[in-house]
file model-v3.csv (CSV, N, CA and C atoms and all ligand atoms)
chain,number,residue,atom,x,y,z
W,1,MET,N,10.1,0.2,-0.8
W,1,MET,CA,8.8,0.7,-1.2
W,1,MET,C,8.1,1.3,0.1
W,2,PRO,N,7.5,2.5,-0.1
W,2,PRO,CA,6.8,3.0,1.0
W,2,PRO,C,5.7,2.1,1.6
W,3,LYS,N,5.5,2.2,2.9
W,3,LYS,CA,4.4,1.4,3.5
W,3,LYS,C,3.2,2.4,3.8
W,4,VAL,N,2.0,2.0,3.6
W,4,VAL,CA,0.9,2.8,3.9
W,4,VAL,C,0.0,1.9,4.8
W,5,THR,N,-0.5,2.5,5.9
W,5,THR,CA,-1.4,1.8,6.8
W,5,THR,C,-2.8,2.4,6.6
W,6,PHE,N,-3.8,1.6,6.4
W,6,PHE,CA,-5.2,2.0,6.3
W,6,PHE,C,-5.9,1.5,7.5
W,7,ILE,N,-6.6,2.4,8.2
W,7,ILE,CA,-7.3,2.1,9.4
W,7,ILE,C,-8.8,2.2,9.0
W,8,ALA,N,-9.6,1.1,9.1
W,8,ALA,CA,-11.0,1.2,8.8
W,8,ALA,C,-11.8,1.7,10.0
W,9,ALA,N,-13.0,2.1,9.7
W,9,ALA,CA,-13.9,2.7,10.7
W,9,ALA,C,-14.2,1.7,11.8
W,10,ASP,N,-14.1,0.4,11.5
W,10,ASP,CA,-14.4,-0.7,12.5
W,10,ASP,C,-13.1,-1.0,13.3
W,11,GLY,N,-12.0,-0.3,13.0
W,11,GLY,CA,-10.7,-0.5,13.7
W,11,GLY,C,-9.8,-1.5,13.0
W,12,GLY,N,-10.2,-2.1,11.9
W,12,GLY,CA,-9.4,-3.0,11.2
W,12,GLY,C,-8.2,-2.2,10.6
W,13,VAL,N,-7.0,-2.8,10.7
W,13,VAL,CA,-5.8,-2.2,10.2
W,13,VAL,C,-5.1,-3.0,9.1
W,14,ARG,N,-4.8,-2.4,8.0
W,14,ARG,CA,-4.0,-3.1,6.9
W,14,ARG,C,-2.8,-2.2,6.6
W,15,THR,N,-1.6,-2.8,6.6
W,15,THR,CA,-0.4,-2.1,6.1
W,15,THR,C,0.0,-2.8,4.8
W,16,VAL,N,0.2,-2.0,3.8
W,16,VAL,CA,0.6,-2.5,2.5
W,16,VAL,C,1.9,-1.8,2.0
W,17,ASP,N,2.6,-2.4,1.1
W,17,ASP,CA,3.8,-1.8,0.5
W,17,ASP,C,3.3,-1.4,-0.9
W,18,ALA,N,3.7,-0.3,-1.4
W,18,ALA,CA,3.4,0.2,-2.7
W,18,ALA,C,4.5,1.0,-3.3
W,19,PRO,N,4.7,0.8,-4.6
W,19,PRO,CA,5.8,1.5,-5.3
W,19,PRO,C,5.7,3.0,-5.2
W,20,VAL,N,6.9,3.7,-5.2
W,20,VAL,CA,6.9,5.1,-5.3
W,20,VAL,C,6.3,5.5,-6.7
W,21,GLY,N,5.5,6.5,-6.6
W,21,GLY,CA,4.8,7.0,-7.8
W,21,GLY,C,3.4,6.5,-7.9
W,22,HIS,N,3.1,5.4,-7.2
W,22,HIS,CA,1.7,5.0,-7.2
W,22,HIS,C,0.9,5.9,-6.2
W,23,SER,N,-0.4,6.0,-6.5
W,23,SER,CA,-1.2,6.8,-5.5
W,23,SER,C,-1.6,5.9,-4.4
W,24,VAL,N,-2.1,6.6,-3.3
W,24,VAL,CA,-2.6,5.9,-2.2
W,24,VAL,C,-3.8,5.0,-2.5
W,25,MET,N,-4.6,5.5,-3.5
W,25,MET,CA,-5.8,4.8,-4.0
W,25,MET,C,-5.3,3.5,-4.7
W,26,GLU,N,-4.3,3.6,-5.5
W,26,GLU,CA,-3.8,2.4,-6.2
W,26,GLU,C,-3.2,1.4,-5.2
W,27,ALA,N,-2.5,1.9,-4.2
W,27,ALA,CA,-2.0,1.0,-3.1
W,27,ALA,C,-3.1,0.2,-2.5
W,28,ALA,N,-4.3,0.9,-2.3
W,28,ALA,CA,-5.4,0.2,-1.6
W,28,ALA,C,-6.0,-0.8,-2.6
W,29,ILE,N,-6.3,-0.4,-3.8
W,29,ILE,CA,-6.9,-1.3,-4.8
W,29,ILE,C,-6.0,-2.5,-5.1
W,30,ASP,N,-4.7,-2.3,-5.3
W,30,ASP,CA,-3.8,-3.4,-5.6
W,30,ASP,C,-3.7,-4.4,-4.5
W,31,ASN,N,-4.1,-4.0,-3.3
W,31,ASN,CA,-3.9,-4.9,-2.1
W,31,ASN,C,-5.3,-5.3,-1.5
W,32,GLY,N,-6.3,-5.0,-2.2
W,32,GLY,CA,-7.7,-5.4,-1.8
W,32,GLY,C,-8.1,-4.8,-0.4
W,33,VAL,N,-7.7,-3.5,-0.2
W,33,VAL,CA,-8.0,-2.8,1.0
W,33,VAL,C,-9.5,-2.4,0.9
W,34,PRO,N,-10.4,-2.8,1.8
W,34,PRO,CA,-11.8,-2.4,1.8
W,34,PRO,C,-12.0,-0.9,2.1
W,35,GLY,N,-13.1,-0.4,1.5
W,35,GLY,CA,-13.4,1.0,1.8
W,35,GLY,C,-12.9,2.0,0.8
W,36,ILE,N,-12.1,1.6,-0.1
W,36,ILE,CA,-11.7,2.5,-1.2
W,36,ILE,C,-12.0,1.8,-2.5
W,37,ASP,N,-12.9,2.4,-3.3
W,37,ASP,CA,-13.4,1.8,-4.5
W,37,ASP,C,-12.6,2.3,-5.7
W,38,GLY,N,-12.3,3.6,-5.7
W,38,GLY,CA,-11.6,4.2,-6.9
W,38,GLY,C,-12.3,4.0,-8.2
W,39,ASP,N,-13.6,4.3,-8.2
W,39,ASP,CA,-14.5,4.1,-9.3
W,39,ASP,C,-14.0,4.8,-10.6
W,40,CYS,N,-13.4,6.0,-10.5
W,40,CYS,CA,-13.1,6.7,-11.7
W,40,CYS,C,-11.7,6.4,-12.1
W,41,GLY,N,-11.0,5.5,-11.5
W,41,GLY,CA,-9.7,5.1,-11.9
W,41,GLY,C,-8.6,6.1,-11.6
W,42,GLY,N,-8.9,7.0,-10.7
W,42,GLY,CA,-7.9,8.0,-10.2
W,42,GLY,C,-7.9,9.3,-10.9
W,43,ASN,N,-9.1,9.6,-11.5
W,43,ASN,CA,-9.2,10.8,-12.3
W,43,ASN,C,-9.8,12.0,-11.5
W,44,CYS,N,-9.9,11.9,-10.2
W,44,CYS,CA,-10.4,12.9,-9.4
W,44,CYS,C,-11.9,13.2,-9.8
W,45,ALA,N,-12.6,12.2,-10.0
W,45,ALA,CA,-14.0,12.4,-10.5
W,45,ALA,C,-15.1,11.6,-9.8
W,46,CYS,N,-14.8,11.0,-8.7
W,46,CYS,CA,-15.8,10.2,-8.1
W,46,CYS,C,-15.9,10.3,-6.5
W,47,ALA,N,-14.8,10.6,-5.9
W,47,ALA,CA,-14.7,10.7,-4.4
W,47,ALA,C,-14.9,9.4,-3.7
W,48,THR,N,-14.9,8.2,-4.4
W,48,THR,CA,-15.0,7.0,-3.7
W,48,THR,C,-13.6,6.5,-3.1
W,49,CYS,N,-12.7,7.4,-3.2
W,49,CYS,CA,-11.4,7.1,-2.6
W,49,CYS,C,-11.1,8.1,-1.4
W,50,HIS,N,-12.1,8.7,-0.9
W,50,HIS,CA,-12.0,9.6,0.3
W,50,HIS,C,-11.3,9.0,1.4
W,51,VAL,N,-10.3,9.6,2.0
W,51,VAL,CA,-9.7,9.1,3.2
W,51,VAL,C,-9.4,10.3,4.1
W,52,HIS,N,-9.2,10.0,5.4
W,52,HIS,CA,-8.8,11.0,6.4
W,52,HIS,C,-7.3,10.7,6.7
W,53,VAL,N,-6.5,11.8,6.4
W,53,VAL,CA,-5.0,11.6,6.6
W,53,VAL,C,-4.7,11.8,8.1
W,54,ASP,N,-3.9,10.9,8.7
W,54,ASP,CA,-3.5,11.0,10.1
W,54,ASP,C,-2.9,12.4,10.3
W,55,ALA,N,-3.2,12.9,11.5
W,55,ALA,CA,-2.7,14.3,11.8
W,55,ALA,C,-1.2,14.4,11.6
W,56,ALA,N,-0.5,13.4,12.0
W,56,ALA,CA,1.0,13.4,11.9
W,56,ALA,C,1.5,13.5,10.5
W,57,TRP,N,0.7,13.2,9.5
W,57,TRP,CA,1.1,13.1,8.1
W,57,TRP,C,0.5,14.2,7.3
W,58,LEU,N,-0.3,15.0,7.8
W,58,LEU,CA,-0.9,16.1,7.0
W,58,LEU,C,0.1,17.0,6.4
W,59,ALA,N,1.2,17.3,7.1
W,59,ALA,CA,2.2,18.2,6.6
W,59,ALA,C,2.9,17.7,5.4
W,60,PHE,N,2.9,16.3,5.2
W,60,PHE,CA,3.7,15.7,4.2
W,60,PHE,C,2.9,15.3,3.0
W,61,THR,N,1.6,15.4,3.0
W,61,THR,CA,0.8,14.9,1.9
W,61,THR,C,0.4,16.1,1.0
W,62,GLY,N,0.8,17.3,1.3
W,62,GLY,CA,0.5,18.4,0.4
W,62,GLY,C,-0.9,18.9,0.6
W,63,SER,N,-1.3,19.8,-0.3
W,63,SER,CA,-2.7,20.4,-0.2
W,63,SER,C,-3.5,19.9,-1.3
W,64,ARG,N,-4.8,20.1,-1.1
W,64,ARG,CA,-5.8,19.8,-2.2
W,64,ARG,C,-5.7,20.7,-3.4
W,65,SER,N,-5.9,20.1,-4.5
W,65,SER,CA,-6.0,21.0,-5.7
W,65,SER,C,-7.4,21.5,-5.8
W,66,ASP,N,-7.7,22.5,-6.6
W,66,ASP,CA,-9.0,23.0,-6.8
W,66,ASP,C,-10.0,22.0,-7.2
W,67,MET,N,-9.6,21.1,-8.1
W,67,MET,CA,-10.5,20.0,-8.6
W,67,MET,C,-10.8,19.0,-7.5
W,68,GLU,N,-9.8,18.7,-6.7
W,68,GLU,CA,-10.0,17.8,-5.6
W,68,GLU,C,-10.9,18.4,-4.6
W,69,GLU,N,-10.7,19.7,-4.3
W,69,GLU,CA,-11.6,20.4,-3.4
W,69,GLU,C,-13.1,20.3,-3.8
W,70,SER,N,-13.3,20.5,-5.1
W,70,SER,CA,-14.7,20.4,-5.7
W,70,SER,C,-15.2,19.0,-5.5
W,71,MET,N,-14.4,18.0,-5.8
W,71,MET,CA,-14.9,16.7,-5.7
W,71,MET,C,-15.2,16.3,-4.3
W,72,LEU,N,-14.4,16.7,-3.4
W,72,LEU,CA,-14.6,16.4,-2.0
W,72,LEU,C,-15.9,16.9,-1.4
W,73,ASP,N,-16.5,17.9,-2.1
W,73,ASP,CA,-17.8,18.5,-1.7
W,73,ASP,C,-18.9,17.4,-1.7
W,74,PHE,N,-18.6,16.3,-2.5
W,74,PHE,CA,-19.6,15.2,-2.7
W,74,PHE,C,-19.3,14.1,-1.6
W,75,ALA,N,-18.2,14.2,-0.9
W,75,ALA,CA,-17.8,13.2,0.0
W,75,ALA,C,-18.6,13.3,1.3
W,76,GLU,N,-19.0,12.2,1.9
W,76,GLU,CA,-19.7,12.2,3.2
W,76,GLU,C,-18.6,12.3,4.3
W,77,GLY,N,-18.9,13.1,5.3
W,77,GLY,CA,-18.0,13.2,6.4
W,77,GLY,C,-16.8,14.0,6.1
W,78,LEU,N,-16.9,15.0,5.3
W,78,LEU,CA,-15.8,15.9,4.9
W,78,LEU,C,-15.2,16.5,6.1
W,79,ALA,N,-13.9,16.5,6.2
W,79,ALA,CA,-13.3,17.1,7.4
W,79,ALA,C,-12.0,17.8,7.0
W,80,PRO,N,-11.3,18.6,7.8
W,80,PRO,CA,-10.1,19.2,7.4
W,80,PRO,C,-9.0,18.3,7.0
W,81,ASP,N,-9.1,17.0,7.5
W,81,ASP,CA,-8.0,16.1,7.1
W,81,ASP,C,-8.4,15.2,5.9
W,82,SER,N,-9.5,15.6,5.3
W,82,SER,CA,-10.0,14.8,4.1
W,82,SER,C,-9.1,15.0,2.9
W,83,ARG,N,-8.8,13.9,2.2
W,83,ARG,CA,-8.2,13.9,0.9
W,83,ARG,C,-8.8,12.8,0.0
W,84,LEU,N,-8.5,13.0,-1.3
W,84,LEU,CA,-8.8,11.9,-2.2
W,84,LEU,C,-7.5,11.1,-2.4
W,85,ALA,N,-7.6,9.8,-2.1
W,85,ALA,CA,-6.4,9.0,-2.0
W,85,ALA,C,-5.8,8.9,-3.4
W,86,CYS,N,-6.5,9.1,-4.5
W,86,CYS,CA,-5.9,9.1,-5.8
W,86,CYS,C,-5.1,10.3,-6.1
W,87,GLN,N,-5.2,11.3,-5.3
W,87,GLN,CA,-4.4,12.5,-5.5
W,87,GLN,C,-3.2,12.6,-4.6
W,88,ILE,N,-2.9,11.6,-3.9
W,88,ILE,CA,-1.7,11.5,-3.0
W,88,ILE,C,-0.8,10.5,-3.6
W,89,ASP,N,0.3,11.0,-4.2
W,89,ASP,CA,1.3,10.1,-4.8
W,89,ASP,C,2.3,9.7,-3.8
W,90,LEU,N,2.7,8.4,-3.8
W,90,LEU,CA,3.6,7.9,-2.8
W,90,LEU,C,5.0,8.3,-3.2
W,91,SER,N,5.8,8.6,-2.1
W,91,SER,CA,7.2,8.9,-2.3
W,91,SER,C,7.9,8.3,-1.0
W,92,ASP,N,9.2,8.3,-1.0
W,92,ASP,CA,9.9,7.8,0.2
W,92,ASP,C,9.5,8.6,1.4
W,93,ALA,N,9.3,9.9,1.2
W,93,ALA,CA,8.9,10.8,2.3
W,93,ALA,C,7.6,10.4,3.0
W,94,LEU,N,6.8,9.6,2.2
W,94,LEU,CA,5.5,9.2,2.8
W,94,LEU,C,5.5,7.8,3.3
W,95,ASP,N,6.7,7.2,3.5
W,95,ASP,CA,6.9,5.8,4.0
W,95,ASP,C,6.4,5.8,5.4
W,96,GLY,N,5.3,5.1,5.7
W,96,GLY,CA,4.7,5.0,7.0
W,96,GLY,C,3.4,5.8,7.1
W,97,LEU,N,3.0,6.3,6.0
W,97,LEU,CA,1.7,7.1,6.0
W,97,LEU,C,0.6,6.3,6.6
W,98,ILE,N,-0.3,7.0,7.3
W,98,ILE,CA,-1.4,6.4,7.9
W,98,ILE,C,-2.7,7.2,7.5
W,99,VAL,N,-3.7,6.5,6.9
W,99,VAL,CA,-4.9,7.1,6.5
W,99,VAL,C,-6.1,6.3,7.1
W,100,ARG,N,-7.2,6.9,7.3
W,100,ARG,CA,-8.4,6.3,7.8
W,100,ARG,C,-9.5,6.3,6.7
W,101,THR,N,-10.2,5.2,6.6
W,101,THR,CA,-11.3,5.2,5.6
W,101,THR,C,-12.6,5.6,6.3
W,102,PRO,N,-13.4,6.4,5.7
W,102,PRO,CA,-14.6,6.9,6.3
W,102,PRO,C,-15.6,5.8,6.6
W,103,VAL,N,-16.4,6.0,7.6
W,103,VAL,CA,-17.5,5.0,7.9
W,103,VAL,C,-18.4,4.8,6.8
W,104,SER,N,-18.7,5.9,6.0
W,104,SER,CA,-19.6,5.8,4.9
W,104,SER,C,-19.2,4.9,3.8
W,105,GLN,N,-17.9,4.5,3.8
W,105,GLN,CA,-17.4,3.7,2.7
W,105,GLN,C,-17.2,2.3,3.1
W,106,HIS,N,-17.9,1.9,4.1
W,106,HIS,CA,-17.8,0.5,4.6
W,106,HIS,C,-19.1,-0.2,4.5
D,201,LIG,FE1,-12.1,8.7,-8.2
D,201,LIG,FE2,-10.1,9.2,-6.5
D,201,LIG,S1,-10.5,7.4,-7.6
D,201,LIG,S2,-11.7,10.5,-7.1

call {"tool": "encode", "arguments": {"input": "model-v3.csv", "output": "structure tokens", "more": "lines below"}}
Ligand code: FES
result
Amino acid sequence: MPKVTFIAADGGVRTVDAPVGHSVMEAAIDNGVPGIDGDCGGNCACATCHVHVDAAWLAFTGSRSDMEESMLDFAEGLAPDSRLACQIDLSDALDGLIVRTPVSQH
């Protein structure tokens, strides 16, 4: 199973295992990772799963869809590395993925 590391704004680090096909948001929710609420259940409709993808992983997480782009307009602290965690599906290629949760979600 791919491992995902979540780094909180306060420096707290959590590494979790999640099945291939689950989203990064689901990996966080299933493991009680703080800072990711996933209020809309992964439907790209709330932006409470906003994360910053580590620079080393940006090339592997794909690009934002138009819908994701629109929803991210509502996210605080929007940056070029911003993604919605529910829109990143885990694969073996993402084993070791590192994301940071925004300060506004703590
Ligand atoms: Fe709502 Fe990701 S869980 S946009």

call {"tool": "residues_around", "arguments": {"input": "model-v3.csv", "residues": "Met67 of chain W", "least_positions_apart": "4", "cutoff": "7 Å", "atoms": "all atoms listed in the file", "output": "NGL selection string"}}
result
:W and (44 or 71-72)

call {"tool": "closest_residue", "arguments": {"input": "model-v3.csv", "among": "W:Lys3, W:Gly32, W:Arg83, W:Gln105", "to": "Val20 of chain W", "atoms": "only C-alpha atoms"}}
result
W:Lys3

call {"tool": "residues_near_ligand", "arguments": {"input": "model-v3.csv", "ligand": "ligand LIG 201 (chain D)", "cutoff": "6.5 Å", "atoms": "all atoms listed in the file", "output": "list of chain:residue names"}}
result
W:Met25, W:Asp37, W:Gly38, W:Asp39, W:Cys40, W:Gly41, W:Gly42, W:Asn43, W:Cys44, W:Ala45, W:Cys46, W:Ala47, W:Thr48, W:Cys49, W:His50, W:Leu84, W:Ala85, W:Cys86, W:Gln87

call {"tool": "closest_residue", "arguments": {"input": "model-v3.csv", "among": "W:Gly96, W:Gly35, W:Pro102, W:Gly21", "to": "His52 of chain W", "atoms": "only C-alpha atoms"}}
result
W:Pro102

call {"tool": "select_by_dssp", "arguments": {"input": "model-v3.csv", "residues": "chain W", "states": "strand (DSSP E or B)", "output": "VMD selection string"}}
result
chain W and resid 3 to 7 13 to 17 23 50 to 53 82 to 84 89 97 to 100

call {"tool": "closest_residue", "arguments": {"input": "model-v3.csv", "among": "W:Asp54, W:Leu94, W:Asp66, W:Phe60", "to": "Asp81 of chain W", "atoms": "only C-alpha atoms"}}
result
W:Asp54

call {"tool": "atom_distance", "arguments": {"input": "model-v3.csv", "atom1": "atom CA of Ala93 of chain W", "atom2": "atom CA of Ala8 of chain W"}}
result
23.0 Å

call {"tool": "closest_residue", "arguments": {"input": "model-v3.csv", "among": "W:Gly62, W:Gly11, W:Gly77, W:Pro34", "to": "Asp89 of chain W", "atoms": "only C-alpha atoms"}}
result
W:Gly62

call {"tool": "closest_residue", "arguments": {"input": "model-v3.csv", "among": "W:Ser65, W:Thr101, W:Gly12, W:Pro19", "to": "Ile36 of chain W", "atoms": "all atoms listed in the file"}}
result
W:Thr101

call {"tool": "residues_near_point", "arguments": {"input": "model-v3.csv", "point": "(2.9, -2.0, 8.9)", "cutoff": "6.5 Å", "atoms": "only N, CA and C atoms", "output": "PDB file with N, CA and C atoms, keeping the file's coordinate frame"}}
result
ATOM      1  N   VAL W   4       2.000   2.000   3.600  1.00  0.00           N
ATOM      2  CA  VAL W   4       0.900   2.800   3.900  1.00  0.00           C
ATOM      3  C   VAL W   4       0.000   1.900   4.800  1.00  0.00           C
ATOM      4  N   THR W   5      -0.500   2.500   5.900  1.00  0.00           N
ATOM      5  CA  THR W   5      -1.400   1.800   6.800  1.00  0.00           C
ATOM      6  C   THR W   5      -2.800   2.400   6.600  1.00  0.00           C
ATOM      7  N   ARG W  14      -4.800  -2.400   8.000  1.00  0.00           N
ATOM      8  CA  ARG W  14      -4.000  -3.100   6.900  1.00  0.00           C
ATOM      9  C   ARG W  14      -2.800  -2.200   6.600  1.00  0.00           C
ATOM     10  N   THR W  15      -1.600  -2.800   6.600  1.00  0.00           N
ATOM     11  CA  THR W  15      -0.400  -2.100   6.100  1.00  0.00           C
ATOM     12  C   THR W  15       0.000  -2.800   4.800  1.00  0.00           C
ATOM     13  N   VAL W  16       0.200  -2.000   3.800  1.00  0.00           N
ATOM     14  CA  VAL W  16       0.600  -2.500   2.500  1.00  0.00           C
ATOM     15  C   VAL W  16       1.900  -1.800   2.000  1.00  0.00           C
TER      16      VAL W  16
END

call {"tool": "atom_distance", "arguments": {"input": "model-v3.csv", "atom1": "atom C of Asp92 of chain W", "atom2": "atom N of Ile7 of chain W"}}
result
18.5 Å

call {"tool": "select_by_dssp", "arguments": {"input": "model-v3.csv", "residues": "segment 63-95 of chain W", "states": "helix (DSSP H, G or I)", "output": "number ranges by chain"}}
result
W: 66-72, 85-87, 92-94

call {"tool": "decode", "arguments": {"input": "model-v3.csv", "residues": "segment 84-102 of chain W", "atoms": "N, CA and C atoms", "output": "CSV table (one decimal), in the first residue's frame"}}
result
chain,number,residue,atom,x,y,z
W,84,LEU,N,-6.7,19.7,-4.3
W,84,LEU,CA,-7.7,19.1,-3.4
W,84,LEU,C,-7.4,17.7,-3.2
W,85,ALA,N,-7.2,17.3,-1.9
W,85,ALA,CA,-6.7,15.9,-1.7
W,85,ALA,C,-7.7,14.8,-2.2
W,86,CYS,N,-9.0,15.2,-2.3
W,86,CYS,CA,-9.9,14.2,-2.8
W,86,CYS,C,-9.8,14.0,-4.3
W,87,GLN,N,-9.0,14.8,-4.9
W,87,GLN,CA,-8.8,14.7,-6.4
W,87,GLN,C,-7.5,14.0,-6.7
W,88,ILE,N,-6.8,13.5,-5.7
W,88,ILE,CA,-5.5,12.8,-6.0
W,88,ILE,C,-5.8,11.4,-5.6
W,89,ASP,N,-5.8,10.5,-6.6
W,89,ASP,CA,-6.0,9.1,-6.3
W,89,ASP,C,-4.7,8.4,-6.1
W,90,LEU,N,-4.6,7.6,-5.1
W,90,LEU,CA,-3.3,6.9,-4.8
W,90,LEU,C,-3.0,5.8,-5.7
W,91,SER,N,-1.7,5.7,-6.1
W,91,SER,CA,-1.3,4.6,-6.9
W,91,SER,C,0.1,4.2,-6.4
W,92,ASP,N,0.7,3.1,-6.9
W,92,ASP,CA,2.0,2.7,-6.4
W,92,ASP,C,3.0,3.8,-6.8
W,93,ALA,N,2.8,4.6,-7.8
W,93,ALA,CA,3.7,5.6,-8.2
W,93,ALA,C,3.7,6.8,-7.2
W,94,LEU,N,2.7,6.8,-6.4
W,94,LEU,CA,2.6,7.9,-5.4
W,94,LEU,C,3.1,7.4,-4.0
W,95,ASP,N,3.7,6.2,-3.9
W,95,ASP,CA,4.1,5.7,-2.7
W,95,ASP,C,5.2,6.6,-2.1
W,96,GLY,N,5.0,7.2,-1.0
W,96,GLY,CA,5.9,8.1,-0.4
W,96,GLY,C,5.5,9.6,-0.5
W,97,LEU,N,4.4,9.8,-1.1
W,97,LEU,CA,3.8,11.2,-1.3
W,97,LEU,C,3.9,12.0,0.0
W,98,ILE,N,4.3,13.3,-0.2
W,98,ILE,CA,4.3,14.2,1.0
W,98,ILE,C,3.4,15.4,0.6
W,99,VAL,N,2.5,15.7,1.5
W,99,VAL,CA,1.6,16.9,1.4
W,99,VAL,C,1.6,17.6,2.7
W,100,ARG,N,1.3,18.9,2.6
W,100,ARG,CA,1.3,19.8,3.8
W,100,ARG,C,-0.2,20.3,3.9
W,101,THR,N,-0.7,20.3,5.1
W,101,THR,CA,-2.0,20.9,5.3
W,101,THR,C,-1.9,22.4,5.6
W,102,PRO,N,-2.7,23.2,5.1
W,102,PRO,CA,-2.6,24.7,5.2
W,102,PRO,C,-2.9,25.1,6.7
